[in-house]
file target.txt (compact mmCIF, C-alpha atoms and all ligand atoms)
# COMPACT_ATOMS: atom_id res chain seq x y z
CA MET V 2 89.85 77.19 123.07
CA VAL V 3 88.71 78.52 126.40
CA LEU V 4 85.23 80.08 126.32
CA TYR V 5 83.98 82.08 129.25
CA PHE V 6 81.44 84.43 130.74
CA SER V 7 82.32 86.45 133.80
CA ALA V 8 80.39 89.21 135.57
CA THR V 9 82.91 90.26 138.21
CA GLY V 10 86.19 88.84 136.96
CA ASN V 11 86.65 85.58 138.89
CA THR V 12 85.91 83.35 135.93
CA ARG V 13 87.74 85.67 133.54
CA TYR V 14 90.91 85.31 135.56
CA ILE V 15 90.70 81.51 135.65
CA ALA V 16 89.84 81.32 131.94
CA ARG V 17 92.68 83.57 130.83
CA GLU V 18 95.25 81.87 133.02
CA LEU V 19 94.10 78.45 131.84
CA ALA V 20 94.38 79.59 128.23
CA ARG V 21 97.84 80.91 128.91
CA ALA V 22 98.95 77.65 130.53
CA LEU V 23 97.49 75.72 127.60
CA ASP V 24 99.01 77.95 124.90
CA ASP V 25 95.48 78.53 123.74
CA SER V 26 93.16 81.51 123.39
CA ALA V 27 90.34 82.66 125.65
CA LEU V 28 87.13 83.98 124.15
CA ASP V 29 84.84 86.24 126.21
CA LEU V 30 81.29 85.27 125.23
CA ARG V 31 79.58 88.38 126.62
CA GLU V 32 79.29 90.24 123.30
CA LYS V 33 78.19 87.13 121.41
CA ILE V 34 75.52 86.48 124.03
CA ARG V 35 74.36 90.11 123.93
CA ASP V 36 74.21 90.07 120.12
CA LYS V 37 72.60 86.61 119.95
CA ASP V 38 75.47 85.71 117.67
CA TYR V 39 75.25 81.94 117.34
CA SER V 40 77.80 81.62 114.55
CA PRO V 41 80.03 78.51 114.89
CA ILE V 42 83.14 78.64 117.06
CA CYS V 43 86.10 76.61 115.81
CA SER V 44 89.02 75.16 117.73
CA GLU V 45 91.64 72.53 117.02
CA LYS V 46 92.33 72.20 120.74
CA PRO V 47 89.77 70.95 123.29
CA PHE V 48 86.98 73.34 124.25
CA VAL V 49 87.04 74.50 127.86
CA VAL V 50 83.92 76.33 129.04
CA CYS V 51 84.50 78.45 132.15
CA ALA V 52 81.39 79.66 133.93
CA PRO V 53 80.29 81.11 137.25
CA VAL V 54 77.64 79.20 139.21
CA TYR V 55 74.24 80.84 139.64
CA VAL V 56 71.88 79.14 142.07
CA CYS V 57 73.61 75.76 141.82
CA GLU V 58 73.95 75.70 138.03
CA PRO V 59 75.77 77.50 135.20
CA PRO V 60 74.04 80.71 134.07
CA ARG V 61 70.95 79.77 132.10
CA PHE V 62 71.66 82.36 129.39
CA LEU V 63 75.09 80.79 128.90
CA ALA V 64 73.66 77.28 128.68
CA ALA V 65 71.08 78.51 126.17
CA PHE V 66 73.81 80.18 124.12
CA LEU V 67 75.92 77.02 124.10
CA ARG V 68 72.92 74.93 123.06
CA LYS V 69 72.49 77.12 119.98
CA THR V 70 76.13 77.56 119.00
CA GLU V 71 77.96 74.90 117.01
CA LEU V 72 81.40 74.08 118.39
CA ARG V 73 83.50 72.94 115.43
CA GLY V 74 86.78 71.04 115.33
CA ASN V 75 87.96 69.28 118.47
CA ARG V 76 85.22 67.09 120.03
CA ASP V 77 86.42 67.24 123.67
CA LEU V 78 84.49 69.51 126.01
CA TYR V 79 85.68 70.44 129.52
CA PHE V 80 83.95 72.63 132.06
CA VAL V 81 85.42 74.81 134.81
CA PHE V 82 83.00 76.22 137.36
CA SER V 83 83.81 79.19 139.55
CA SER V 84 81.50 79.40 142.55
CA GLY V 85 81.37 80.71 146.08
CA GLY V 86 81.96 77.17 147.30
CA TYR V 87 79.01 75.11 146.07
CA SER V 88 78.74 74.23 142.38
CA GLY V 89 75.50 72.28 142.89
CA ILE V 90 74.41 70.39 139.79
CA SER V 91 76.62 72.33 137.35
CA ALA V 92 78.64 69.26 136.36
CA TYR V 93 75.45 67.35 135.59
CA LEU V 94 74.30 70.16 133.30
CA GLY V 95 77.74 70.32 131.70
CA ARG V 96 77.48 66.67 130.78
CA TRP V 97 73.98 67.30 129.43
CA LEU V 98 75.25 70.19 127.29
CA ALA V 99 78.07 68.07 125.91
CA ARG V 100 75.57 65.40 124.90
CA LYS V 101 73.39 67.98 123.15
CA GLN V 102 76.48 69.26 121.32
CA HIS V 103 77.46 65.69 120.34
CA MET V 104 80.77 66.19 122.10
CA ARG V 105 82.84 64.09 124.50
CA TYR V 106 82.24 65.27 128.05
CA LYS V 107 85.65 65.43 129.70
CA GLY V 108 84.53 66.31 133.21
CA SER V 109 84.62 69.53 135.17
CA ALA V 110 86.71 71.30 137.78
CA ASP V 111 85.34 73.34 140.69
CA TYR V 112 87.01 76.55 141.82
CA THR V 113 85.97 78.26 145.04
CA MET V 114 86.18 82.01 144.56
CA PRO V 115 84.90 85.06 146.44
CA ARG V 116 81.12 85.18 146.32
CA ASN V 117 79.84 88.12 144.27
CA TYR V 118 76.09 87.88 144.91
CA ILE V 119 75.19 90.91 147.00
CA ALA V 120 71.47 91.14 146.13
CA ASN V 121 70.73 88.55 148.78
CA ASN V 122 71.25 88.60 152.52
CA SER V 123 71.83 84.88 152.99
CA TYR V 124 75.60 85.03 153.03
CA PRO V 125 77.87 87.10 155.25
CA GLU V 126 80.41 89.40 153.63
CA LEU V 127 83.79 87.71 153.30
CA LYS V 128 86.73 89.22 155.12
CA THR V 129 89.60 90.47 152.96
CA GLU V 130 91.90 87.66 154.21
CA GLU V 131 89.37 85.04 153.10
CA ILE V 132 88.97 86.67 149.68
CA GLU V 133 92.73 86.69 149.26
CA ARG V 134 93.01 83.07 150.44
CA ARG V 135 90.43 81.87 147.92
CA ILE V 136 92.10 83.68 145.05
CA ARG V 137 95.51 82.32 146.02
CA LEU V 138 94.23 78.73 146.23
CA ALA V 139 92.42 79.02 142.93
CA ASP V 140 95.53 80.36 141.29
CA GLN V 141 97.54 77.41 142.58
CA LYS V 142 95.00 74.99 141.12
CA ILE V 143 95.23 76.30 137.55
CA SER V 144 98.42 74.39 136.68
CA GLU V 145 96.81 71.14 137.84
CA THR V 146 93.68 71.70 135.71
CA ALA V 147 95.74 72.75 132.69
CA GLY V 148 98.01 69.72 133.08
CA ALA V 149 95.04 67.36 133.07
CA ILE V 150 93.53 69.00 130.00
CA ARG V 151 96.85 68.97 128.20
CA SER V 152 97.25 65.25 128.74
CA GLY V 153 93.63 64.53 127.77
CA GLU V 154 92.62 63.35 131.24
CA ARG V 155 89.12 63.70 132.56
CA LEU V 156 88.55 66.41 135.19
CA LYS V 157 86.90 65.29 138.38
CA SER V 158 84.31 67.48 140.10
CA ARG V 159 82.35 66.82 143.27
CA HIS V 160 79.82 64.00 143.41
CA ILE V 161 76.25 65.11 142.73
CA TRP V 162 73.61 63.37 144.83
CA LEU V 163 70.21 62.49 143.45
CA TRP V 164 68.47 64.70 146.01
CA GLU V 165 70.40 67.72 144.66
CA LEU V 166 68.91 67.17 141.22
CA ALA V 167 65.48 66.54 142.73
CA VAL V 168 65.62 69.84 144.62
CA THR V 169 67.45 72.09 142.14
CA LEU V 170 65.75 71.23 138.86
CA PRO V 171 62.16 72.07 139.94
CA PHE V 172 63.16 74.76 142.48
CA ASN V 173 65.26 76.99 140.22
CA PRO V 174 62.55 78.19 137.82
CA VAL V 175 60.48 79.27 140.83
CA TRP V 176 63.47 81.04 142.39
CA TYR V 177 64.21 82.91 139.16
CA ARG V 178 60.62 84.08 138.84
CA LEU V 179 60.16 85.15 142.44
CA ARG V 180 63.61 86.20 143.63
CA GLN V 181 65.40 87.59 140.59
CA GLY V 182 63.17 90.49 139.69
CA VAL V 183 64.48 93.77 138.31
CA LYS V 184 62.01 96.13 139.96
CA ASP V 185 64.22 96.61 143.03
CA PHE V 186 67.20 97.92 141.06
CA HIS V 187 67.54 101.66 141.40
CA VAL V 188 70.19 104.28 140.82
CA SER V 189 71.36 107.16 142.99
CA ASP V 190 72.31 110.71 142.06
CA ALA V 191 75.94 109.58 142.05
CA CYS V 192 75.40 108.13 138.55
CA ILE V 193 77.71 109.79 136.02
CA SER V 194 75.91 108.38 132.96
CA CYS V 195 78.95 106.40 131.81
CA GLY V 196 76.76 103.68 130.24
CA SER V 197 78.86 100.82 131.59
CA CYS V 198 75.85 99.05 133.15
CA GLU V 199 73.98 99.15 129.85
CA ARG V 200 76.98 97.89 127.89
CA LEU V 201 77.77 95.04 130.28
CA CYS V 202 74.33 93.51 130.78
CA PRO V 203 74.45 90.13 129.00
CA LEU V 204 70.68 90.15 128.59
CA ARG V 205 70.34 93.77 127.41
CA VAL V 206 67.86 94.40 130.20
CA ILE V 207 69.21 97.90 130.87
CA SER V 208 68.70 100.99 128.74
CA LEU V 209 69.74 104.55 129.49
CA ARG V 210 66.96 107.11 129.65
CA GLY V 211 68.02 110.68 130.13
CA GLY V 212 71.48 109.30 130.89
CA LYS V 213 70.28 107.08 133.75
CA PRO V 214 69.79 103.31 133.66
CA VAL V 215 66.33 101.79 133.53
CA TRP V 216 65.77 98.06 134.06
CA ASN V 217 63.23 96.66 131.63
CA GLY V 218 61.18 93.49 131.90
CA HIS V 219 60.38 91.45 135.00
CA SER V 220 63.48 89.46 135.88
CA CYS V 221 67.10 89.04 134.88
CA ALA V 222 70.05 86.72 135.58
CA HIS V 223 71.10 88.73 138.64
CA CYS V 224 74.64 88.26 137.33
CA MET V 225 75.75 91.41 139.22
CA SER V 226 77.65 92.86 136.21
CA CYS V 227 75.80 96.16 136.44
CA ILE V 228 75.86 96.72 140.17
CA GLN V 229 79.41 95.52 140.81
CA ASN V 230 81.05 97.27 137.86
CA CYS V 231 79.46 100.69 138.33
CA PRO V 232 82.48 103.01 138.78
CA VAL V 233 80.71 105.16 141.39
CA ASP V 234 78.63 102.47 143.18
CA ALA V 235 75.44 104.24 142.13
CA ILE V 236 73.35 101.09 141.71
CA GLU V 237 71.44 99.52 144.59
CA TYR V 238 69.08 96.58 144.86
CA GLY V 239 66.26 97.52 147.22
CA LYS V 240 67.80 98.08 150.64
CA ILE V 241 69.76 94.85 150.50
CA THR V 242 72.89 96.29 148.93
CA ALA V 243 73.04 99.54 150.91
CA GLY V 244 76.42 99.86 152.57
CA LYS V 245 77.69 96.56 151.15
CA LYS V 246 81.19 96.52 149.75
CA ARG V 247 81.25 95.96 145.97
CA TYR V 248 83.33 93.08 144.66
CA LEU V 249 85.47 92.89 141.53
CA PHE V 250 88.31 90.43 141.05
CA GLN V 251 90.55 93.20 139.75
CA LYS V 252 90.49 94.92 143.15
CA TYR V 253 92.33 91.88 144.51
CA SER V 254 94.52 91.07 141.53
CA TYR V 255 97.56 92.12 143.62
CA VAL V 256 97.22 88.71 145.31
CA VAL V 257 98.33 86.96 142.13
CA ALA V 258 100.42 89.68 140.52
CA LYS V 259 103.34 87.97 138.84
CA GLU V 260 106.52 89.02 137.28
CA GLY V 261 106.96 88.16 133.61
CA THR V 262 104.82 85.50 132.02
CA ARG V 263 103.03 82.69 133.63
CA ARG V 264 103.36 78.99 134.18
CA LYS V 265 103.53 76.48 131.37
CA THR V 266 102.39 72.94 132.12
C1 LIG V 301 72.82 85.02 140.91
C2 LIG V 301 74.00 84.35 141.57
C3 LIG V 301 73.84 83.12 142.14
C4 LIG V 301 74.93 82.48 142.74
N1 LIG V 301 74.74 81.21 143.20
C5 LIG V 301 75.79 80.56 143.74
C6 LIG V 301 75.64 79.21 144.18
O1 LIG V 301 74.60 78.59 144.03
N2 LIG V 301 76.71 78.61 144.75
C7 LIG V 301 77.90 79.27 144.93
O2 LIG V 301 78.80 78.68 145.49
N3 LIG V 301 78.09 80.54 144.47
C8 LIG V 301 77.06 81.19 143.88
N4 LIG V 301 77.25 82.46 143.39
C9 LIG V 301 78.60 83.09 143.47
C10 LIG V 301 79.35 83.05 142.13
O3 LIG V 301 79.19 81.80 141.50
C11 LIG V 301 80.86 83.28 142.32
O4 LIG V 301 81.10 84.43 143.07
C12 LIG V 301 81.57 83.37 140.98
O5 LIG V 301 82.94 83.16 141.18
C13 LIG V 301 81.36 84.69 140.24
O6 LIG V 301 82.08 84.65 139.02
P1 LIG V 301 82.42 85.94 138.13
O7 LIG V 301 83.26 86.86 138.98
O8 LIG V 301 83.21 85.39 137.00
O9 LIG V 301 81.15 86.55 137.71
C14 LIG V 301 76.19 83.12 142.79
C15 LIG V 301 76.34 84.38 142.22
C16 LIG V 301 75.26 85.00 141.62
C17 LIG V 301 75.47 86.33 140.97
S1 LIG V 302 77.45 102.20 135.46
FE1 LIG V 302 76.85 103.49 137.20
S2 LIG V 302 77.55 105.54 136.63
FE2 LIG V 302 77.56 104.31 134.76
S3 LIG V 302 75.53 104.73 133.83
FE3 LIG V 302 75.35 102.86 135.07
S4 LIG V 302 74.63 103.59 137.08
FE4 LIG V 302 75.41 105.38 135.98
S1 LIG V 303 70.40 93.81 134.86
FE1 LIG V 303 72.36 93.71 135.91
S2 LIG V 303 72.22 91.88 137.19
FE2 LIG V 303 70.55 91.74 135.68
S3 LIG V 303 71.41 90.52 134.00
FE3 LIG V 303 71.75 92.69 133.50
S4 LIG V 303 73.81 93.15 134.29
FE4 LIG V 303 73.14 91.23 135.22

call {"tool": "encode", "arguments": {"input": "target.txt", "output": "structure tokens"}}
result
Amino acid sequence: MVLYFSATGNTRYIARELARALDDSALDLREKIRDKDYSPICSEKPFVVCAPVYVCEPPRFLAAFLRKTELRGNRDLYFVFSSGGYSGISAYLGRWLARKQHMRYKGSADYTMPRNYIANNSYPELKTEEIERRIRLADQKISETAGAIRSGERLKSRHIWLWELAVTLPFNPVWYRLRQGVKDFHVSDACISCGSCERLCPLRVISLRGGKPVWNGHSCAHCMSCIQNCPVDAIEYGKITAGKKRYLFQKYSYVVAKEGTRRKT
């Protein structure tokens, strides 16, 4: 079974296509995470966890969910990471999660997708051609990943250097505290009170008051579900997101539109 979380659709696409190529099912974990539903998940086929990369690692809320949820049946656990080009120490943490779950770690695959993190000015906006190129390349890689999983092979991700662990493990908690606050989220008059931001937030940080979203607490995962999925682009993060194009995989799905059903490996 393919398990996934996806904020803007990159990981969802990979997960669903992998499931299709494997004749398996794909389970969106968003609702289970939101509901803190840690009931066991059963699968006769290998488990494949598909996750975006947040600050060099899989989302912490997803890792915490997987730590608490028993995976029953098949003991093989694969990981597929969808990042903007650098998966950091994700594979290391995947192996760690497999050990905690008493499962066989079967390696991980890295997919470079369009970067969706707009609440940060460190990265230039990608041109449409580059977005399309990344999606096309990722799509071509799915058969290879599915073939390896089908034949029980180990997936091979990038090598992780010791210095990456030494920097990322202590640095990330500080980053989350200082750079992933919620106080800079605000909403414009364009808001149509559809409630999508509230429904999509995996951490239930958002509530609607008087029909408008309010961000509660101090920090969040900065997953970008709320800001990127707002149908009228009413959400901003400080001044950083002003004028920035919003990203959703589905806006570019024409790149991989296919006739009939998909590949079988
Ligand atoms: C908070 C946050 C942090 C991110 N950190 C990284 C990173 O460290 N390396 C990277 O290559 N991409 C990073 N990204 C980009 C996403 O991993 C990438 O766009 C991913 O494909 C999004 O998947 P989704 O569409 O399924 O949500 C980050 C995105 C967010 C929202
Ligand atoms: S998703 Fe956008 S339009 Fe809908 S309630 Fe949230 S801010 Fe308003
Ligand atoms: S508030 Fe928005 S960015 Fe933060 S976790 Fe919720 S959906 Fe993601």

call {"tool": "closest_residue", "arguments": {"input": "target.txt", "among": "V:Val56, V:Trp216, V:Ser26, V:Leu98", "to": "Trp176 of chain V", "atoms": "all atoms listed in the file"}}
result
V:Val56

call {"tool": "residues_near_ligand", "arguments": {"input": "target.txt", "ligand": "ligand LIG 303 (chain V)", "cutoff": "7 Å", "atoms": "all atoms listed in the file", "output": "ChimeraX atom specification"}}
result
/V:183,198,201-207,216,221-228

call {"tool": "residues_near_ligand", "arguments": {"input": "target.txt", "ligand": "ligand LIG 302 (chain V)", "cutoff": "6 Å", "atoms": "all atoms listed in the file", "output": "mmCIF file with C-alpha atoms, in the frame of the given file"}}
result
data_model
loop_
_atom_site.group_PDB
_atom_site.id
_atom_site.type_symbol
_atom_site.label_atom_id
_atom_site.label_comp_id
_atom_site.auth_asym_id
_atom_site.auth_seq_id
_atom_site.Cartn_x
_atom_site.Cartn_y
_atom_site.Cartn_z
ATOM 1 C CA VAL V 188 70.190 104.280 140.820
ATOM 2 C CA CYS V 192 75.400 108.130 138.550
ATOM 3 C CA ILE V 193 77.710 109.790 136.020
ATOM 4 C CA SER V 194 75.910 108.380 132.960
ATOM 5 C CA CYS V 195 78.950 106.400 131.810
ATOM 6 C CA GLY V 196 76.760 103.680 130.240
ATOM 7 C CA SER V 197 78.860 100.820 131.590
ATOM 8 C CA CYS V 198 75.850 99.050 133.150
ATOM 9 C CA LYS V 213 70.280 107.080 133.750
ATOM 10 C CA PRO V 214 69.790 103.310 133.660
ATOM 11 C CA CYS V 231 79.460 100.690 138.330
ATOM 12 C CA PRO V 232 82.480 103.010 138.780
ATOM 13 C CA VAL V 233 80.710 105.160 141.390
ATOM 14 C CA ALA V 235 75.440 104.240 142.130
ATOM 15 C CA ILE V 236 73.350 101.090 141.710
#

call {"tool": "atom_distance", "arguments": {"input": "target.txt", "atom1": "atom CA of Arg61 of chain V", "atom2": "atom CA of Asn11 of chain V"}}
result
18.1 Å

call {"tool": "atom_distance", "arguments": {"input": "target.txt", "atom1": "atom CA of Pro174 of chain V", "atom2": "atom CA of Asp111 of chain V"}}
result
23.5 Å

call {"tool": "closest_atom_pairs", "arguments": {"input": "target.txt", "of": "chain V", "to": "ligand LIG 301 (chain V)", "cutoff": "8 Å", "atoms": "only C-alpha atoms and all ligand atoms", "output": "CSV"}}
result
residue,atom,partner,partner_atom,distance
V:Phe6,CA,V:LIG301,O8,6.6
V:Ser7,CA,V:LIG301,O8,3.5
V:Ala8,CA,V:LIG301,O9,3.5
V:Thr9,CA,V:LIG301,O7,3.5
V:Gly10,CA,V:LIG301,O7,4.1
V:Asn11,CA,V:LIG301,O7,3.6
V:Thr12,CA,V:LIG301,O8,3.5
V:Arg13,CA,V:LIG301,O8,5.7
V:Tyr14,CA,V:LIG301,O8,7.8
V:Ala52,CA,V:LIG301,O8,6.8
V:Pro53,CA,V:LIG301,O6,4.3
V:Val54,CA,V:LIG301,O3,3.8
V:Tyr55,CA,V:LIG301,C3,3.4
V:Val56,CA,V:LIG301,O1,3.4
V:Cys57,CA,V:LIG301,O1,3.7
V:Glu58,CA,V:LIG301,O1,6.7
V:Phe82,CA,V:LIG301,O5,7.9
V:Ser83,CA,V:LIG301,O5,4.4
V:Ser84,CA,V:LIG301,O3,3.5
V:Gly85,CA,V:LIG301,O2,3.3
V:Gly86,CA,V:LIG301,O2,3.9
V:Tyr87,CA,V:LIG301,O2,3.6
V:Ser88,CA,V:LIG301,N2,5.4
V:Gly89,CA,V:LIG301,O1,6.5
V:Tyr112,CA,V:LIG301,O5,7.8
V:Thr113,CA,V:LIG301,O5,6.9
V:Met114,CA,V:LIG301,O5,4.8
V:Pro115,CA,V:LIG301,O4,5.1
V:Arg116,CA,V:LIG301,O4,3.3
V:Asn117,CA,V:LIG301,O4,4.1
V:Tyr118,CA,V:LIG301,C17,4.3
V:Ile119,CA,V:LIG301,C17,7.6
V:Gln181,CA,V:LIG301,C1,7.9
V:Ala222,CA,V:LIG301,C1,6.2
V:His223,CA,V:LIG301,C1,4.7
V:Cys224,CA,V:LIG301,C17,4.2
V:Met225,CA,V:LIG301,C17,5.4
V:Ser226,CA,V:LIG301,O9,7.4
V:Leu249,CA,V:LIG301,O7,6.9
V:Phe250,CA,V:LIG301,O7,6.5

call {"tool": "closest_residue", "arguments": {"input": "target.txt", "among": "V:Ile34, V:Leu127, V:Met2, V:Leu19", "to": "Leu78 of chain V", "atoms": "only C-alpha atoms"}}
result
V:Met2

call {"tool": "closest_residue", "arguments": {"input": "target.txt", "among": "V:Lys157, V:Lys142, V:Lys240, V:Arg210", "to": "Asp185 of chain V", "atoms": "all atoms listed in the file"}}
result
V:Lys240

call {"tool": "residues_around", "arguments": {"input": "target.txt", "residues": "Gly148 of chain V", "least_positions_apart": "4", "cutoff": "10 Å", "atoms": "all atoms listed in the file", "output": "PyMOL selection string"}}
result
chain V and resi 19+22-23+143-144+152-154+265-266

call {"tool": "write_last_selection", "arguments": {"input": "target.txt", "atoms": "C-alpha atoms", "output": "PDB file, in the frame of the given file"}}
result
ATOM      1  CA  LEU V  19      94.100  78.450 131.840  1.00  0.00           C
ATOM      2  CA  ALA V  22      98.950  77.650 130.530  1.00  0.00           C
ATOM      3  CA  LEU V  23      97.490  75.720 127.600  1.00  0.00           C
ATOM      4  CA  ILE V 143      95.230  76.300 137.550  1.00  0.00           C
ATOM      5  CA  SER V 144      98.420  74.390 136.680  1.00  0.00           C
ATOM      6  CA  SER V 152      97.250  65.250 128.740  1.00  0.00           C
ATOM      7  CA  GLY V 153      93.630  64.530 127.770  1.00  0.00           C
ATOM      8  CA  GLU V 154      92.620  63.350 131.240  1.00  0.00           C
ATOM      9  CA  LYS V 265     103.530  76.480 131.370  1.00  0.00           C
ATOM     10  CA  THR V 266     102.390  72.940 132.120  1.00  0.00           C
TER      11      THR V 266
END

call {"tool": "closest_residue", "arguments": {"input": "target.txt", "among": "V:Glu131, V:Gln141, V:Leu156, V:Ser91", "to": "Leu170 of chain V", "atoms": "only C-alpha atoms"}}
result
V:Ser91

call {"tool": "residues_near_point", "arguments": {"input": "target.txt", "point": "(93.8, 90.1, 149.5)", "cutoff": "10 Å", "atoms": "all atoms listed in the file", "output": "list of chain:residue names"}}
result
V:Lys128, V:Thr129, V:Glu130, V:Glu131, V:Ile132, V:Glu133, V:Arg134, V:Arg135, V:Ile136, V:Arg137, V:Lys252, V:Tyr253, V:Ser254, V:Tyr255, V:Val256, V:Val257

call {"tool": "closest_residue", "arguments": {"input": "target.txt", "among": "V:Ala120, V:Ile15, V:Ile90, V:Val3", "to": "Phe48 of chain V", "atoms": "all atoms listed in the file"}}
result
V:Val3

call {"tool": "closest_residue", "arguments": {"input": "target.txt", "among": "V:Glu165, V:Glu145, V:Asp140, V:Glu71", "to": "Tyr39 of chain V", "atoms": "only C-alpha atoms"}}
result
V:Glu71

call {"tool": "atom_distance", "arguments": {"input": "target.txt", "atom1": "atom CA of Ser220 of chain V", "atom2": "atom CA of Asn121 of chain V"}}
result
14.8 Å

call {"tool": "residues_near_point", "arguments": {"input": "target.txt", "point": "(82.6, 71.0, 133.5)", "cutoff": "9 Å", "atoms": "all atoms listed in the file", "output": "number ranges by chain"}}
result
V: 49-52, 78-82, 91-96, 106-111, 156-158

call {"tool": "residues_around", "arguments": {"input": "target.txt", "residues": "His187 of chain V", "least_positions_apart": "5", "cutoff": "8 Å", "atoms": "only C-alpha atoms", "output": "number ranges by chain"}}
result
V: 215, 236-239

call {"tool": "decode", "arguments": {"input": "target.txt", "residues": "segment 96-113 of chain V", "atoms": "N, CA and C atoms", "output": "PDB file, in the first residue's frame"}}
result
ATOM      1  N   ARG V  96      15.032   5.324   7.378  1.00  0.00           N
ATOM      2  CA  ARG V  96      15.604   4.098   7.943  1.00  0.00           C
ATOM      3  C   ARG V  96      15.310   4.020   9.444  1.00  0.00           C
ATOM      4  N   TRP V  97      15.415   5.177  10.098  1.00  0.00           N
ATOM      5  CA  TRP V  97      15.153   5.240  11.542  1.00  0.00           C
ATOM      6  C   TRP V  97      13.694   4.866  11.833  1.00  0.00           C
ATOM      7  N   LEU V  98      12.781   5.385  11.001  1.00  0.00           N
ATOM      8  CA  LEU V  98      11.360   5.081  11.194  1.00  0.00           C
ATOM      9  C   LEU V  98      11.079   3.595  10.996  1.00  0.00           C
ATOM     10  N   ALA V  99      11.728   3.021   9.988  1.00  0.00           N
ATOM     11  CA  ALA V  99      11.533   1.591   9.725  1.00  0.00           C
ATOM     12  C   ALA V  99      11.986   0.773  10.938  1.00  0.00           C
ATOM     13  N   ARG V 100      13.106   1.178  11.522  1.00  0.00           N
ATOM     14  CA  ARG V 100      13.608   0.447  12.692  1.00  0.00           C
ATOM     15  C   ARG V 100      12.601   0.548  13.836  1.00  0.00           C
ATOM     16  N   LYS V 101      12.067   1.749  14.046  1.00  0.00           N
ATOM     17  CA  LYS V 101      11.095   1.935  15.132  1.00  0.00           C
ATOM     18  C   LYS V 101       9.832   1.112  14.886  1.00  0.00           C
ATOM     19  N   GLN V 102       9.506   0.907  13.625  1.00  0.00           N
ATOM     20  CA  GLN V 102       8.300   0.144  13.260  1.00  0.00           C
ATOM     21  C   GLN V 102       8.593  -1.353  13.193  1.00  0.00           C
ATOM     22  N   HIS V 103       9.835  -1.737  13.464  1.00  0.00           N
ATOM     23  CA  HIS V 103      10.271  -3.141  13.341  1.00  0.00           C
ATOM     24  C   HIS V 103       9.992  -3.672  11.943  1.00  0.00           C
ATOM     25  N   MET V 104      10.343  -2.836  10.955  1.00  0.00           N
ATOM     26  CA  MET V 104      10.129  -3.239   9.562  1.00  0.00           C
ATOM     27  C   MET V 104      11.456  -3.254   8.819  1.00  0.00           C
ATOM     28  N   ARG V 105      11.457  -3.939   7.666  1.00  0.00           N
ATOM     29  CA  ARG V 105      12.672  -3.969   6.827  1.00  0.00           C
ATOM     30  C   ARG V 105      12.740  -2.689   6.006  1.00  0.00           C
ATOM     31  N   TYR V 106      13.788  -1.915   6.206  1.00  0.00           N
ATOM     32  CA  TYR V 106      13.966  -0.699   5.418  1.00  0.00           C
ATOM     33  C   TYR V 106      14.445  -1.094   4.026  1.00  0.00           C
ATOM     34  N   LYS V 107      13.676  -0.704   3.012  1.00  0.00           N
ATOM     35  CA  LYS V 107      14.005  -1.128   1.643  1.00  0.00           C
ATOM     36  C   LYS V 107      14.531   0.020   0.793  1.00  0.00           C
ATOM     37  N   GLY V 108      15.012   1.072   1.457  1.00  0.00           N
ATOM     38  CA  GLY V 108      15.631   2.174   0.730  1.00  0.00           C
ATOM     39  C   GLY V 108      14.626   3.242   0.335  1.00  0.00           C
ATOM     40  N   SER V 109      15.144   4.269  -0.323  1.00  0.00           N
ATOM     41  CA  SER V 109      14.256   5.370  -0.719  1.00  0.00           C
ATOM     42  C   SER V 109      14.648   5.909  -2.092  1.00  0.00           C
ATOM     43  N   ALA V 110      13.678   6.542  -2.725  1.00  0.00           N
ATOM     44  CA  ALA V 110      13.910   7.161  -4.035  1.00  0.00           C
ATOM     45  C   ALA V 110      13.672   8.655  -3.906  1.00  0.00           C
ATOM     46  N   ASP V 111      14.486   9.441  -4.597  1.00  0.00           N
ATOM     47  CA  ASP V 111      14.350  10.897  -4.572  1.00  0.00           C
ATOM     48  C   ASP V 111      13.752  11.399  -5.883  1.00  0.00           C
ATOM     49  N   TYR V 112      12.732  12.207  -5.774  1.00  0.00           N
ATOM     50  CA  TYR V 112      12.127  12.834  -6.948  1.00  0.00           C
ATOM     51  C   TYR V 112      12.277  14.347  -6.834  1.00  0.00           C
ATOM     52  N   THR V 113      12.817  14.954  -7.868  1.00  0.00           N
ATOM     53  CA  THR V 113      12.920  16.424  -7.889  1.00  0.00           C
ATOM     54  C   THR V 113      11.680  16.997  -8.558  1.00  0.00           C
TER      55      THR V 113
END
